file my_file_36.csv (CSV, C-alpha atoms)
chain,number,residue,atom,x,y,z
A,212,LEU,CA,8.4,8.0,-7.2
A,213,PHE,CA,7.7,9.0,-3.6
A,214,LEU,CA,5.1,6.3,-3.1
A,215,PHE,CA,7.6,3.8,-4.5
A,216,LEU,CA,10.2,4.9,-2.0
A,217,PHE,CA,7.7,4.8,0.9
A,218,HIS,CA,6.6,1.3,0.1
A,219,THR,CA,10.3,0.2,-0.1
A,220,LEU,CA,10.9,1.9,3.2
A,221,ASP,CA,8.0,0.0,4.7
A,222,PHE,CA,9.4,-3.3,3.4
A,223,MET,CA,12.8,-2.5,5.0
A,224,LEU,CA,11.1,-1.7,8.3
A,225,TYR,CA,9.4,-5.1,8.1
A,226,THR,CA,12.7,-6.9,7.5
A,227,SER,CA,14.4,-5.3,10.5
A,228,TYR,CA,11.4,-5.8,12.7
A,229,PHE,CA,10.8,-9.5,12.1
A,230,ILE,CA,14.3,-10.8,11.3
A,231,PHE,CA,16.7,-8.8,13.4
A,232,GLU,CA,14.4,-8.2,16.3
A,233,GLU,CA,12.3,-11.3,16.3
A,234,ASP,CA,13.2,-12.2,19.9
A,235,ARG,CA,11.7,-9.0,21.2
A,236,THR,CA,8.7,-8.7,18.9
A,237,LEU,CA,6.1,-10.6,21.0
A,238,GLY,CA,7.1,-8.7,24.1
A,239,LYS,CA,6.6,-5.3,22.4
A,240,VAL,CA,3.0,-5.8,21.3
A,241,ARG,CA,-0.2,-6.7,23.0
A,242,ASP,CA,-1.1,-10.3,23.4
A,243,LEU,CA,-4.4,-10.5,21.6
A,244,THR,CA,-5.0,-14.1,22.7
A,245,THR,CA,-5.8,-13.0,26.3
A,246,GLY,CA,-8.2,-10.5,27.8
A,247,SER,CA,-11.4,-8.9,26.6
A,248,ILE,CA,-12.3,-9.8,23.0
A,249,PRO,CA,-14.1,-6.4,22.3
A,250,GLY,CA,-11.1,-4.6,23.8
A,251,SER,CA,-8.7,-6.5,21.6
A,252,VAL,CA,-10.9,-5.8,18.5
A,253,TRP,CA,-11.0,-2.1,19.3
A,254,TYR,CA,-7.2,-2.1,20.0
A,255,LEU,CA,-6.6,-3.2,16.4
A,256,ALA,CA,-9.6,-1.4,14.8
A,257,TRP,CA,-9.0,2.2,15.7
A,258,PRO,CA,-5.5,2.5,14.1
A,259,ILE,CA,-6.8,0.7,11.0
A,260,ILE,CA,-9.8,3.1,10.8
A,261,LEU,CA,-7.6,6.1,11.1
A,262,ALA,CA,-5.1,4.7,8.5
A,263,SER,CA,-8.0,4.2,6.0
A,264,LEU,CA,-9.1,7.8,6.5
A,265,LEU,CA,-5.5,9.0,6.0
A,266,GLN,CA,-5.4,7.0,2.7
A,267,VAL,CA,-8.6,8.7,1.5
A,268,THR,CA,-7.2,12.1,2.7
A,269,MET,CA,-4.1,11.5,0.6
A,270,GLY,CA,-6.3,10.9,-2.5
A,271,ILE,CA,-8.4,13.9,-1.9
A,272,ALA,CA,-5.4,16.1,-1.4
A,273,ASP,CA,-3.9,14.9,-4.7
A,274,MET,CA,-7.2,15.5,-6.6
A,275,ALA,CA,-7.6,19.0,-5.0
A,276,MET,CA,-4.0,20.0,-6.0
A,277,VAL,CA,-4.4,18.7,-9.6
A,278,GLY,CA,-7.7,20.6,-9.8
A,279,ARG,CA,-5.8,23.8,-9.2
A,280,LEU,CA,-3.8,23.4,-12.4
A,281,PRO,CA,-4.5,25.9,-15.2
A,282,ALA,CA,-8.0,25.5,-16.7
A,283,ASP,CA,-6.6,24.1,-20.0
A,284,ARG,CA,-5.1,21.1,-18.1
A,285,SER,CA,-7.0,20.7,-14.9
A,286,THR,CA,-10.2,19.1,-16.3
A,287,ALA,CA,-8.2,16.5,-18.2
A,288,ALA,CA,-5.9,15.9,-15.3
A,289,VAL,CA,-8.7,15.3,-12.8
A,290,ALA,CA,-10.5,13.0,-15.3
A,291,ALA,CA,-7.3,11.1,-15.8
A,292,MET,CA,-6.7,10.6,-12.1
A,293,GLY,CA,-10.2,9.5,-11.4
A,294,SER,CA,-10.3,7.0,-14.2
A,295,SER,CA,-6.8,5.7,-13.4
A,296,LEU,CA,-7.7,5.1,-9.7
A,297,PHE,CA,-10.5,2.8,-10.8
A,298,VAL,CA,-8.1,0.8,-13.0
A,299,LEU,CA,-5.6,0.6,-10.2
A,300,MET,CA,-8.1,-0.5,-7.6
A,301,PHE,CA,-9.1,-3.4,-10.0
A,302,VAL,CA,-5.4,-4.5,-10.1
A,303,LEU,CA,-4.8,-3.9,-6.4
A,304,THR,CA,-7.6,-6.2,-5.4
A,305,LEU,CA,-5.3,-9.1,-6.0
A,306,GLY,CA,-2.8,-7.6,-3.6
A,307,PHE,CA,-5.5,-7.2,-1.0
A,308,ALA,CA,-6.5,-10.9,-1.5
A,309,ILE,CA,-2.9,-12.1,-1.1
A,310,ALA,CA,-2.4,-10.0,2.0
A,311,THR,CA,-5.6,-11.3,3.5
A,312,GLY,CA,-4.7,-14.9,2.9
A,313,SER,CA,-1.3,-14.3,4.4
A,314,ALA,CA,-2.8,-12.6,7.4
A,315,VAL,CA,-4.9,-15.7,8.2
A,316,LEU,CA,-1.8,-17.9,8.4
A,317,MET,CA,0.3,-15.3,10.3
A,318,ALA,CA,-2.5,-14.8,12.8
A,319,ARG,CA,-2.6,-18.5,13.5
A,320,ARG,CA,1.2,-18.5,14.1
A,321,THR,CA,1.0,-15.4,16.3
A,322,GLY,CA,-1.6,-17.2,18.4
A,323,GLU,CA,0.9,-20.0,18.8
A,324,LYS,CA,3.5,-17.4,19.8
A,325,ASP,CA,5.8,-18.7,17.0
A,326,ILE,CA,7.3,-15.5,15.7
A,327,THR,CA,9.8,-17.4,13.5
A,328,ALA,CA,6.9,-19.0,11.7
A,329,VAL,CA,5.2,-15.6,11.3
A,330,ALA,CA,8.4,-14.3,9.7
A,331,ASN,CA,8.6,-17.3,7.4
A,332,VAL,CA,5.0,-16.9,6.2
A,333,SER,CA,5.5,-13.2,5.6
A,334,ALA,CA,8.8,-13.8,3.8
A,335,ASN,CA,7.2,-16.3,1.5
A,336,ALA,CA,4.3,-14.0,0.8
A,337,LEU,CA,6.7,-11.2,0.0
A,338,THR,CA,8.7,-13.3,-2.3
A,339,PHE,CA,5.7,-14.7,-4.1
A,340,THR,CA,4.2,-11.2,-4.4
A,341,PHE,CA,7.4,-9.7,-5.7
A,342,VAL,CA,7.8,-12.4,-8.4
A,343,LEU,CA,4.2,-12.1,-9.4
A,344,CYS,CA,4.3,-8.4,-9.8
A,345,VAL,CA,7.7,-8.1,-11.6
A,346,PHE,CA,7.3,-11.0,-14.0
A,347,VAL,CA,3.5,-11.1,-14.5
A,348,LEU,CA,1.4,-8.2,-13.4
A,349,THR,CA,3.6,-5.3,-14.4
A,350,PRO,CA,4.4,-6.6,-17.9
A,351,LEU,CA,0.7,-7.6,-18.4
A,352,SER,CA,-0.6,-4.3,-17.2
A,353,LEU,CA,1.7,-2.3,-19.5
A,354,LEU,CA,0.7,-4.6,-22.4
A,355,LEU,CA,-2.9,-3.9,-21.7
A,356,LEU,CA,-2.5,-0.2,-21.2
A,357,ARG,CA,-3.8,0.8,-24.7
A,358,PRO,CA,-6.8,-1.5,-24.5
A,359,ILE,CA,-7.6,0.0,-21.1
A,360,LEU,CA,-7.6,3.5,-22.5
A,361,LEU,CA,-9.9,2.4,-25.4
A,362,PHE,CA,-12.2,0.7,-23.0
A,363,VAL,CA,-12.7,3.8,-20.8
A,364,LYS,CA,-12.8,5.9,-24.0
A,365,ALA,CA,-10.0,8.2,-22.9
A,366,GLU,CA,-9.0,10.8,-25.5
A,367,GLY,CA,-6.7,13.7,-26.0
A,368,GLN,CA,-5.0,15.1,-22.9
A,369,THR,CA,-6.9,12.7,-20.6
A,370,ALA,CA,-5.5,9.7,-22.5
A,371,LEU,CA,-2.0,11.3,-22.3
A,372,PHE,CA,-2.2,11.9,-18.6
A,373,MET,CA,-3.7,8.5,-17.9
A,374,THR,CA,-0.9,6.9,-19.8
A,375,GLN,CA,1.8,8.7,-17.8
A,376,TYR,CA,0.0,8.1,-14.5
A,377,LEU,CA,-0.7,4.4,-15.0
A,378,LYS,CA,2.8,3.6,-16.4
A,379,ILE,CA,4.4,5.0,-13.2
A,380,SER,CA,1.8,3.1,-11.1
A,381,PHE,CA,2.3,-0.2,-12.9
A,382,TYR,CA,6.0,0.0,-12.5
A,383,GLY,CA,5.4,0.5,-8.8
A,384,LEU,CA,3.0,-2.4,-8.4
A,385,ALA,CA,5.6,-4.6,-6.6
A,386,ALA,CA,6.2,-1.9,-4.0
A,387,MET,CA,2.5,-1.4,-3.4
A,388,PHE,CA,1.8,-5.1,-3.1
A,389,LEU,CA,4.7,-5.5,-0.7
A,390,LEU,CA,3.2,-2.7,1.4
A,391,PHE,CA,0.0,-4.7,1.8
A,392,ILE,CA,2.0,-7.7,3.1
A,393,CYS,CA,4.0,-5.6,5.5
A,394,ASN,CA,0.9,-4.0,6.9
A,395,SER,CA,-0.7,-7.4,7.3
A,396,THR,CA,2.4,-8.6,9.1
A,397,PHE,CA,2.4,-5.8,11.6
A,398,ARG,CA,-1.4,-6.0,12.3
A,399,THR,CA,-1.6,-9.8,12.7
A,400,THR,CA,1.1,-9.6,15.4
A,401,GLY,CA,-0.9,-7.0,17.3
A,402,ASP,CA,0.9,-3.9,16.0
A,403,ALA,CA,-1.6,-1.7,14.1
A,404,ARG,CA,0.0,1.5,15.1
A,405,THR,CA,3.2,1.3,13.1
A,406,PRO,CA,1.4,1.5,9.7
A,407,LEU,CA,-0.7,4.4,11.1
A,408,VAL,CA,2.4,6.4,12.1
A,409,LEU,CA,4.0,5.8,8.7
A,410,LEU,CA,0.8,7.0,7.0
A,411,PHE,CA,0.9,10.2,9.1
A,412,VAL,CA,4.4,10.9,7.8
A,413,VAL,CA,3.5,10.0,4.3
A,414,ASN,CA,0.5,12.4,4.3
A,415,ALA,CA,2.7,15.2,5.5
A,416,ILE,CA,5.3,14.6,2.9
A,417,ASN,CA,2.7,14.1,0.2
A,418,LEU,CA,1.1,17.5,0.9
A,419,PHE,CA,4.5,19.1,0.8
A,420,LEU,CA,5.5,17.5,-2.5
A,421,ASN,CA,2.1,18.3,-4.0
A,422,TRP,CA,2.7,21.9,-3.1
A,423,VAL,CA,6.2,21.9,-4.5
A,424,LEU,CA,5.7,19.8,-7.7
A,425,ILE,CA,2.1,20.7,-8.7

call {"tool": "encode", "arguments": {"input": "my_file_36.csv", "output": "structure tokens"}}
result
Amino acid sequence: LFLFLFHTLDFMLYTSYFIFEEDRTLGKVRDLTTGSIPGSVWYLAWPIILASLLQVTMGIADMAMVGRLPADRSTAAVAAMGSSLFVLMFVLTLGFAIATGSAVLMARRTGEKDITAVANVSANALTFTFVLCVFVLTPLSLLLLRPILLFVKAEGQTALFMTQYLKISFYGLAAMFLLFICNSTFRTTGDARTPLVLLFVVNAINLFLNWVLI
């Protein structure tokens, strides 16, 4: 639920950033079409590296907290999370692909300093992704949930926990995919720091909610 709310928040931030503030956007971020190429690469790379580490940290924190459940549940819960993450990564690969394709188009428009065109590309990508998730991926994933459990040979409590975890995740696919597009939009316009700041906040809240709810 929290991840769904976070992804929705990120989508709302995108909307305000690129529609209501489009006239100021290019003036607020670094112009990557001028200056040193290694410097521009590093300017974008270091926030992305830290953001990736924070995402890994979030998964480690979740696994560590689940592992501290009572012995009769912790083993099955850890196994369920581990197996579920592999399934989710398989599905999320499509989201990464859409975000990458969108980033190429947005980067070109950013180079042309046409922020309206960037917003149009991003809005089309968001619309396509939302429709794809709501009407295709989520229903299909839920339909294939039982075959997935059989394929990974999940049984007993592990199967139960996987079912609960994957159902929630599949219902939130649209929000997760939208997050990928939003992050691509920020980064292709030269702002790699906003997603990093949001991930710092998410990690802090995630740790707190793990402590409270687990």

call {"tool": "closest_residue", "arguments": {"input": "my_file_36.csv", "among": "A:Leu407, A:Met276, A:Val329, A:Leu384", "to": "Leu264 of chain A", "atoms": "all atoms listed in the file"}}
result
A:Leu407

call {"tool": "closest_residue", "arguments": {"input": "my_file_36.csv", "among": "A:Ile425, A:Ala288, A:Val277, A:Leu390", "to": "Gly306 of chain A", "atoms": "all atoms listed in the file"}}
result
A:Leu390

call {"tool": "residues_near_point", "arguments": {"input": "my_file_36.csv", "point": "(3.0, 18.6, -3.9)", "cutoff": "12 Å", "atoms": "all atoms listed in the file", "output": "short mmCIF file (atom, residue, chain, number, x, y, z; two decimals) with C-alpha atoms, in the coordinates of the input"}}
result
data_model
loop_
_atom_site.label_atom_id
_atom_site.label_comp_id
_atom_site.auth_asym_id
_atom_site.auth_seq_id
_atom_site.Cartn_x
_atom_site.Cartn_y
_atom_site.Cartn_z
CA PHE A 213 7.70 9.00 -3.60
CA MET A 269 -4.10 11.50 0.60
CA ALA A 272 -5.40 16.10 -1.40
CA ASP A 273 -3.90 14.90 -4.70
CA MET A 274 -7.20 15.50 -6.60
CA ALA A 275 -7.60 19.00 -5.00
CA MET A 276 -4.00 20.00 -6.00
CA VAL A 277 -4.40 18.70 -9.60
CA ARG A 279 -5.80 23.80 -9.20
CA LEU A 280 -3.80 23.40 -12.40
CA VAL A 413 3.50 10.00 4.30
CA ASN A 414 0.50 12.40 4.30
CA ALA A 415 2.70 15.20 5.50
CA ILE A 416 5.30 14.60 2.90
CA ASN A 417 2.70 14.10 0.20
CA LEU A 418 1.10 17.50 0.90
CA PHE A 419 4.50 19.10 0.80
CA LEU A 420 5.50 17.50 -2.50
CA ASN A 421 2.10 18.30 -4.00
CA TRP A 422 2.70 21.90 -3.10
CA VAL A 423 6.20 21.90 -4.50
CA LEU A 424 5.70 19.80 -7.70
CA ILE A 425 2.10 20.70 -8.70
#

call {"tool": "closest_residue", "arguments": {"input": "my_file_36.csv", "among": "A:Val267, A:Leu351, A:Ile260, A:Ile392", "to": "Leu296 of chain A", "atoms": "only C-alpha atoms"}}
result
A:Val267

call {"tool": "residues_around", "arguments": {"input": "my_file_36.csv", "residues": "Pro406 of chain A", "least_positions_apart": "2", "cutoff": "9 Å", "atoms": "all atoms listed in the file", "output": "list in words"}}
result
Asp221, Pro258, Ile259, Ala262, Cys393, Asn394, Phe397, Arg398, Asp402, Ala403, Arg404, Val408, Leu409, Leu410 and Phe411 of chain A

call {"tool": "residues_around", "arguments": {"input": "my_file_36.csv", "residues": "Ala310 of chain A", "least_positions_apart": "5", "cutoff": "8 Å", "atoms": "only C-alpha atoms", "output": "PyMOL selection string"}}
result
chain A and resi 336+391-392+395

call {"tool": "atom_distance", "arguments": {"input": "my_file_36.csv", "atom1": "atom CA of Leu389 of chain A", "atom2": "atom CA of Leu354 of chain A"}}
result
22.1 Å

call {"tool": "atom_distance", "arguments": {"input": "my_file_36.csv", "atom1": "atom CA of Leu243 of chain A", "atom2": "atom CA of Gly401 of chain A"}}
result
6.6 Å

call {"tool": "closest_residue", "arguments": {"input": "my_file_36.csv", "among": "A:Val332, A:Ala385, A:Leu261, A:Ile248", "to": "Val315 of chain A", "atoms": "only C-alpha atoms"}}
result
A:Val332

call {"tool": "closest_residue", "arguments": {"input": "my_file_36.csv", "among": "A:Ser251, A:Thr399, A:Thr369, A:Ser313", "to": "Asp283 of chain A", "atoms": "all atoms listed in the file"}}
result
A:Thr369

call {"tool": "residues_near_point", "arguments": {"input": "my_file_36.csv", "point": "(2.2, -6.4, -16.4)", "cutoff": "12 Å", "atoms": "only C-alpha atoms", "output": "JSON, numbers by chain"}}
result
{"A": [302, 342, 343, 344, 345, 346, 347, 348, 349, 350, 351, 352, 353, 354, 355, 356, 377, 378, 380, 381, 382, 383, 384, 385]}

call {"tool": "write_last_selection", "arguments": {"input": "my_file_36.csv", "atoms": "C-alpha atoms", "output": "tab-separated table (two decimals), in the coordinates of the input"}}
result
chain	number	residue	atom	x	y	z
A	302	VAL	CA	-5.40	-4.50	-10.10
A	342	VAL	CA	7.80	-12.40	-8.40
A	343	LEU	CA	4.20	-12.10	-9.40
A	344	CYS	CA	4.30	-8.40	-9.80
A	345	VAL	CA	7.70	-8.10	-11.60
A	346	PHE	CA	7.30	-11.00	-14.00
A	347	VAL	CA	3.50	-11.10	-14.50
A	348	LEU	CA	1.40	-8.20	-13.40
A	349	THR	CA	3.60	-5.30	-14.40
A	350	PRO	CA	4.40	-6.60	-17.90
A	351	LEU	CA	0.70	-7.60	-18.40
A	352	SER	CA	-0.60	-4.30	-17.20
A	353	LEU	CA	1.70	-2.30	-19.50
A	354	LEU	CA	0.70	-4.60	-22.40
A	355	LEU	CA	-2.90	-3.90	-21.70
A	356	LEU	CA	-2.50	-0.20	-21.20
A	377	LEU	CA	-0.70	4.40	-15.00
A	378	LYS	CA	2.80	3.60	-16.40
A	380	SER	CA	1.80	3.10	-11.10
A	381	PHE	CA	2.30	-0.20	-12.90
A	382	TYR	CA	6.00	0.00	-12.50
A	383	GLY	CA	5.40	0.50	-8.80
A	384	LEU	CA	3.00	-2.40	-8.40
A	385	ALA	CA	5.60	-4.60	-6.60

call {"tool": "atom_distance", "arguments": {"input": "my_file_36.csv", "atom1": "atom CA of Val412 of chain A", "atom2": "atom CA of Thr400 of chain A"}}
result
22.1 Å

call {"tool": "closest_residue", "arguments": {"input": "my_file_36.csv", "among": "A:Ile309, A:Ala370, A:Met300, A:Leu255", "to": "Thr405 of chain A", "atoms": "all atoms listed in the file"}}
result
A:Leu255
